[in-house]
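These notes are about the structure you will find just below.
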Amino acid sequence: MKKYGVLATFVCAPVLFACSDNSSVDTAKTDKEQAVNESAGLKAEAEKRDDATIASGVDYHSFANPNEVRVTHLSLDLTANFETKQLVGDVTLDVKRAKPENNTLVLDTRALDIDSVTVNGESVPFEMGKTDPDLGTPLTITLPSAANSVTVAYSTSPDASGVQWLTPAQTAGKQHPFLFTQAQAVHARSFIPLQDSPQVRVTYDATIKTPEALLAVMSASNDPTTKRDGEYEFTMPQPIPSYLIALAIGDLEFKAMGERTGVYAEPALLESAAKEFEDTEAMLEVTEETYGPYQWDRYDLLILPPSFPFGGMENPRLSFITPTVIAGDKSLVSLIAHELAHSWSGNTVTNATWRDLWLNEGFTTYLTYRIMEMIYGHNRFKKEAVLGYQDLENDIAALDENDEILAIDLRGRNPDDVFSNIPYEKGALFLREIEQKIGRENFDAFLMQYFKDFAFKSITTDTFIAYLDETLLKQYPDKLDAKRINTWIFEPGIPQGAPQPESDAFTKIDDTRTAWLSGDVNAADIETAQWTVHEWLYFLNNMPETLTEPQLAELDKAFSLTSTKNNEIAHSWLMIAVENNYQPAFDRLYTYLVSIGRNKLVKPLYRELSKTPDGKAFAKRAFEEAKPGYHPLTVRANEGYVN
């Protein structure tokens, strides 16, 4: 899922992943209490609310009872009805009981219409519980004593939070409708009744029926040569958490990029996407060499319409990708490295609860930097690391202290609130410090063993601390300190003495910006031919808050910033335009807001516009026009700014 920030091209979902920004911050009054991790022998500053301590491993965002009866496999049989905007069919759930007498199965649902619940064709008792606005409605089923599977017939709501139905006009080809799902964090329950917790891993198979002109793909085994006939079969043999179950249906074609990699996209985007992401196979190979074998068979990409709310979503075997990163120069492909890295950290080793998200995203962000360095060199790595660090600093400045903690307290909150640069960039910075203290080769060996030891398991922060205590802290007692580790995980902010990335290329950009601001050089005389997207973002994002109308006009004339085709550069420029009410950019701003649904790009703009009456009125006009094409998560994230 995907992160937010200047070059935050990752999701994970987010933004919201897949990748979310930090503007929705709840304040929670907390105390600190000393807690002892018995297995690790570490003193941890564990966050607690006034009423009770957080129970490690307890999923506060699921009604399910996997400790009593656990779902182990799903068999889906669904028909996509584009006229009613519903998925209709059934799911058969295989279950395993902790004790033979455990006959009550509790599933998560959200706005599902349950038609029947049967075992071997015979109806069994079920009850829908009280609805929670964030978590949905529990479905409690009474199982016959000998039953090891149960079938639920159901249909989704046209407004399902995890499903978006697009009209032909909202697609690239303009001829056929499109459907895609987004399950992270707790939206799988809006299109499948299941135990919607990352600690419950399931295998699955599926039969998906569609209009004959369309192709269905899933986070499962996809055959690039499959016949387009309106009925598609899928299997996922590896156990995955529910948030990684994904489906898309549209006018899709496939193009191979390597032996194990390829891209699905609408015909109009296929060639440009394949060219942009042609290094995916090389990324896969270097990651295997460094961190162990890729365990998911193929790694393909699906390019979604621009309404996709995140940069990317790491659905196994088939990452969902925003088209906003097709820049034409591979400048934004760190997103692909990020979603690929999730094949090790996140998909193979998974956070057990959303409090533990940093185990997914911190490790994946660290791996992303390493992959980018191996493929594109140390200089690019340094520039991207500086931009990531600035993203983190911006969040530290904006967030409540309780939301600056890696092992965050999310009780009583929507789990989507976990997405900020904290689990991503702070988590990666923590791992970079360990790498620097014990040496890269030693840390790589640790990570390879970690991915092997916890393969296809969901773990908690406490499990990781215990593992660290039994491995690196014993191996390097003179280099690693338990107190320092707990400061990273349980304290807000960036610990004093943390690694701080630097780039010589950006030092030159600072000098250039200073010379322009002081009037010593004209914008038209700045030599930008060798600049990459990183230089442009650093140049723009570190401008003073206030610029004059002549300064803005000079920049715009010299560099055509209002008309740039790079969505990241456009975002940074439009933020400056909003902050300074630079009206010549507002037509582009309006078009930008109504044509892109990626939260990481639009949310900061809506937030900034809402600070003035005129800006808010402008934002409301754009939002109302864009709303029918926005994903439900994008609507939820931004409606508060315009109303």
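Within each chain, counting starts at residue 1; across the structure tokens, chains are named A, B, ... in the order shown, with ligands numbered 1 upward in that order.
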Hey, what's within 9 Å of region 339-346 of chain A if we count only C-alpha atoms and toss same-chain stuff fewer than 5 positions away? As a ChimeraX atom specification, please? /A:1-2,10-12,280,283-284,287,291-296,299,312-317,319-321,334,351,357,359-365,367-368,371,451,455,458
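Residues surrounding Arg70 (chain A) within 10 Å are A:Ala64, A:Asn65, A:Pro66, A:Asn67, A:His73, A:Leu93, A:Asp94, A:Val95, A:Lys96, A:Arg97, A:Ala98, A:Leu105, A:Val106, A:Leu107, A:Leu194, A:Gln195, A:Val200, A:Arg201, A:Val202 [only C-alpha atoms; sequence separation below 3 positions excluded].
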Using the selection just defined, write its residues with all heavy atoms as a short mmCIF file (atom, residue, chain, number, x, y, z; two decimals), in the first residue's frame.
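Final output, saved to part.cif:
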data_model
loop_
_atom_site.label_atom_id
_atom_site.label_comp_id
_atom_site.auth_asym_id
_atom_site.auth_seq_id
_atom_site.Cartn_x
_atom_site.Cartn_y
_atom_site.Cartn_z
N ALA A 64 -13.06 -10.97 13.69
CA ALA A 64 -12.87 -12.41 13.49
C ALA A 64 -12.29 -13.09 14.73
O ALA A 64 -11.66 -12.46 15.58
CB ALA A 64 -11.98 -12.66 12.28
N ASN A 65 -12.49 -14.41 14.79
CA ASN A 65 -12.01 -15.22 15.93
C ASN A 65 -11.07 -16.33 15.47
O ASN A 65 -11.32 -17.52 15.71
CB ASN A 65 -13.19 -15.81 16.69
CG ASN A 65 -14.03 -16.77 15.85
OD1 ASN A 65 -14.05 -16.67 14.62
ND2 ASN A 65 -14.71 -17.70 16.50
N PRO A 66 -9.96 -15.99 14.81
CA PRO A 66 -9.08 -17.04 14.26
C PRO A 66 -8.42 -17.91 15.32
O PRO A 66 -7.99 -19.03 15.01
CB PRO A 66 -8.03 -16.25 13.47
CG PRO A 66 -8.03 -14.88 14.10
CD PRO A 66 -9.45 -14.64 14.50
N ASN A 67 -8.34 -17.44 16.56
CA ASN A 67 -7.77 -18.27 17.61
C ASN A 67 -8.69 -19.42 18.00
O ASN A 67 -8.26 -20.38 18.65
CB ASN A 67 -7.46 -17.43 18.85
CG ASN A 67 -6.31 -16.46 18.60
OD1 ASN A 67 -5.46 -16.69 17.74
ND2 ASN A 67 -6.29 -15.37 19.35
N HIS A 73 -8.58 -21.46 3.62
CA HIS A 73 -8.66 -21.43 2.15
C HIS A 73 -9.99 -20.84 1.72
O HIS A 73 -11.02 -21.04 2.38
CB HIS A 73 -8.52 -22.85 1.58
CG HIS A 73 -8.57 -22.90 0.08
ND1 HIS A 73 -7.47 -22.63 -0.70
CD2 HIS A 73 -9.59 -23.16 -0.78
CE1 HIS A 73 -7.81 -22.74 -1.98
NE2 HIS A 73 -9.09 -23.05 -2.06
N LEU A 93 -15.46 -21.26 2.39
CA LEU A 93 -14.33 -21.06 3.29
C LEU A 93 -14.00 -22.37 3.99
O LEU A 93 -14.86 -22.96 4.67
CB LEU A 93 -14.65 -19.99 4.34
CG LEU A 93 -15.12 -18.63 3.82
CD1 LEU A 93 -16.65 -18.54 3.92
CD2 LEU A 93 -14.50 -17.49 4.61
N ASP A 94 -12.77 -22.87 3.81
CA ASP A 94 -12.29 -24.00 4.59
C ASP A 94 -11.81 -23.50 5.94
O ASP A 94 -11.15 -22.45 6.02
CB ASP A 94 -11.14 -24.70 3.88
CG ASP A 94 -11.56 -25.36 2.57
OD1 ASP A 94 -12.78 -25.47 2.34
OD2 ASP A 94 -10.68 -25.74 1.79
N VAL A 95 -12.14 -24.24 7.00
CA VAL A 95 -11.82 -23.78 8.35
C VAL A 95 -11.09 -24.86 9.14
O VAL A 95 -11.21 -26.05 8.86
CB VAL A 95 -13.09 -23.35 9.11
CG1 VAL A 95 -13.79 -22.19 8.39
CG2 VAL A 95 -14.05 -24.51 9.28
N LYS A 96 -10.33 -24.40 10.13
CA LYS A 96 -9.64 -25.29 11.05
C LYS A 96 -9.96 -24.83 12.47
O LYS A 96 -9.79 -23.66 12.79
CB LYS A 96 -8.13 -25.25 10.81
CG LYS A 96 -7.33 -26.20 11.68
CD LYS A 96 -5.85 -26.15 11.32
CE LYS A 96 -5.05 -27.12 12.17
NZ LYS A 96 -3.59 -27.07 11.84
N ARG A 97 -10.40 -25.74 13.30
CA ARG A 97 -10.80 -25.40 14.67
C ARG A 97 -9.62 -25.62 15.63
O ARG A 97 -8.90 -26.61 15.53
CB ARG A 97 -11.98 -26.27 15.12
CG ARG A 97 -13.17 -26.24 14.18
CD ARG A 97 -14.16 -27.33 14.56
NE ARG A 97 -15.12 -27.57 13.50
CZ ARG A 97 -16.43 -27.41 13.62
NH1 ARG A 97 -16.94 -27.02 14.77
NH2 ARG A 97 -17.23 -27.66 12.61
N ALA A 98 -9.45 -24.69 16.55
CA ALA A 98 -8.43 -24.86 17.59
C ALA A 98 -8.80 -26.01 18.51
O ALA A 98 -7.94 -26.75 18.99
CB ALA A 98 -8.26 -23.58 18.38
N LEU A 105 -17.99 -19.48 14.09
CA LEU A 105 -17.07 -18.82 13.17
C LEU A 105 -17.51 -17.37 13.00
O LEU A 105 -18.67 -17.11 12.67
CB LEU A 105 -17.08 -19.52 11.81
CG LEU A 105 -16.36 -18.81 10.65
CD1 LEU A 105 -14.86 -18.74 10.91
CD2 LEU A 105 -16.66 -19.52 9.33
N VAL A 106 -16.59 -16.44 13.23
CA VAL A 106 -16.91 -15.01 13.07
C VAL A 106 -16.10 -14.45 11.90
O VAL A 106 -14.87 -14.58 11.86
CB VAL A 106 -16.60 -14.22 14.35
CG1 VAL A 106 -17.01 -12.75 14.16
CG2 VAL A 106 -17.32 -14.82 15.55
N LEU A 107 -16.82 -13.83 10.95
CA LEU A 107 -16.21 -13.24 9.77
C LEU A 107 -16.41 -11.73 9.78
O LEU A 107 -17.32 -11.22 10.44
CB LEU A 107 -16.83 -13.82 8.50
CG LEU A 107 -16.81 -15.33 8.32
CD1 LEU A 107 -17.53 -15.72 7.03
CD2 LEU A 107 -15.38 -15.87 8.32
N LEU A 194 -14.94 -12.68 5.10
CA LEU A 194 -13.75 -13.46 5.46
C LEU A 194 -13.18 -12.93 6.76
O LEU A 194 -13.70 -11.98 7.34
CB LEU A 194 -12.72 -13.40 4.34
CG LEU A 194 -11.84 -12.15 4.15
CD1 LEU A 194 -10.90 -12.35 2.97
CD2 LEU A 194 -12.61 -10.88 3.98
N GLN A 195 -12.11 -13.54 7.23
CA GLN A 195 -11.42 -13.05 8.42
C GLN A 195 -10.38 -12.04 7.94
O GLN A 195 -9.29 -12.39 7.53
CB GLN A 195 -10.80 -14.21 9.19
CG GLN A 195 -11.86 -15.13 9.80
CD GLN A 195 -11.27 -16.27 10.62
OE1 GLN A 195 -10.22 -16.81 10.29
NE2 GLN A 195 -11.96 -16.66 11.67
N VAL A 200 -4.24 -13.64 9.52
CA VAL A 200 -4.91 -14.81 8.97
C VAL A 200 -4.48 -14.96 7.51
O VAL A 200 -4.87 -14.17 6.66
CB VAL A 200 -6.44 -14.69 9.07
CG1 VAL A 200 -7.11 -15.91 8.46
CG2 VAL A 200 -6.88 -14.50 10.51
N ARG A 201 -3.69 -15.96 7.23
CA ARG A 201 -3.18 -16.20 5.87
C ARG A 201 -3.99 -17.33 5.24
O ARG A 201 -4.22 -18.36 5.87
CB ARG A 201 -1.70 -16.53 5.90
CG ARG A 201 -0.84 -15.49 6.61
CD ARG A 201 0.63 -15.86 6.57
NE ARG A 201 1.18 -15.64 5.24
CZ ARG A 201 1.91 -14.57 4.90
NH1 ARG A 201 2.17 -13.63 5.80
NH2 ARG A 201 2.38 -14.44 3.68
N VAL A 202 -4.39 -17.14 3.99
CA VAL A 202 -5.20 -18.13 3.28
C VAL A 202 -4.64 -18.37 1.89
O VAL A 202 -4.02 -17.49 1.28
CB VAL A 202 -6.68 -17.67 3.15
CG1 VAL A 202 -7.31 -17.51 4.53
CG2 VAL A 202 -6.80 -16.38 2.35
#
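As for CA of Ala523 (chain A) and CA of Ala558 (chain A), they are spaced 6.0 Å apart.
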Counting only C-alpha atoms, what is within 9 Å of Arg432 (chain A), bar same-chain residues fewer than 5 positions away, as a list of chain:residue names? A:Tyr366, A:Gly427, A:Lys437, A:Arg440, A:Pro499
Neighbouring residues of region 562-565 of chain A were defined as those with any atom within 8 Å, considering only C-alpha atoms; residues of the same chain fewer than 2 positions away were excluded. Please report them as a PyMOL selection string. chain A and resi 327+556+560+567+569-570+573-574+585+588
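These are the residues of region 270-508 of chain A assigned strand (DSSP E) by DSSP from backbone coordinates: Tyr299, Asp300, Leu301, Leu302, Ile303, Gly312, Met313, Leu318, Ser319, Phe320, Ile321, Val349, Thr350, Asn351, Lys457, Ser458 and Ile459 of chain A.
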Residues of region 256-401 of chain A classed as alpha helix (DSSP H) by DSSP on the backbone are to be reported as a PyMOL selection string. chain A and resi 267-276+280-291+334-341+357-376+378-398
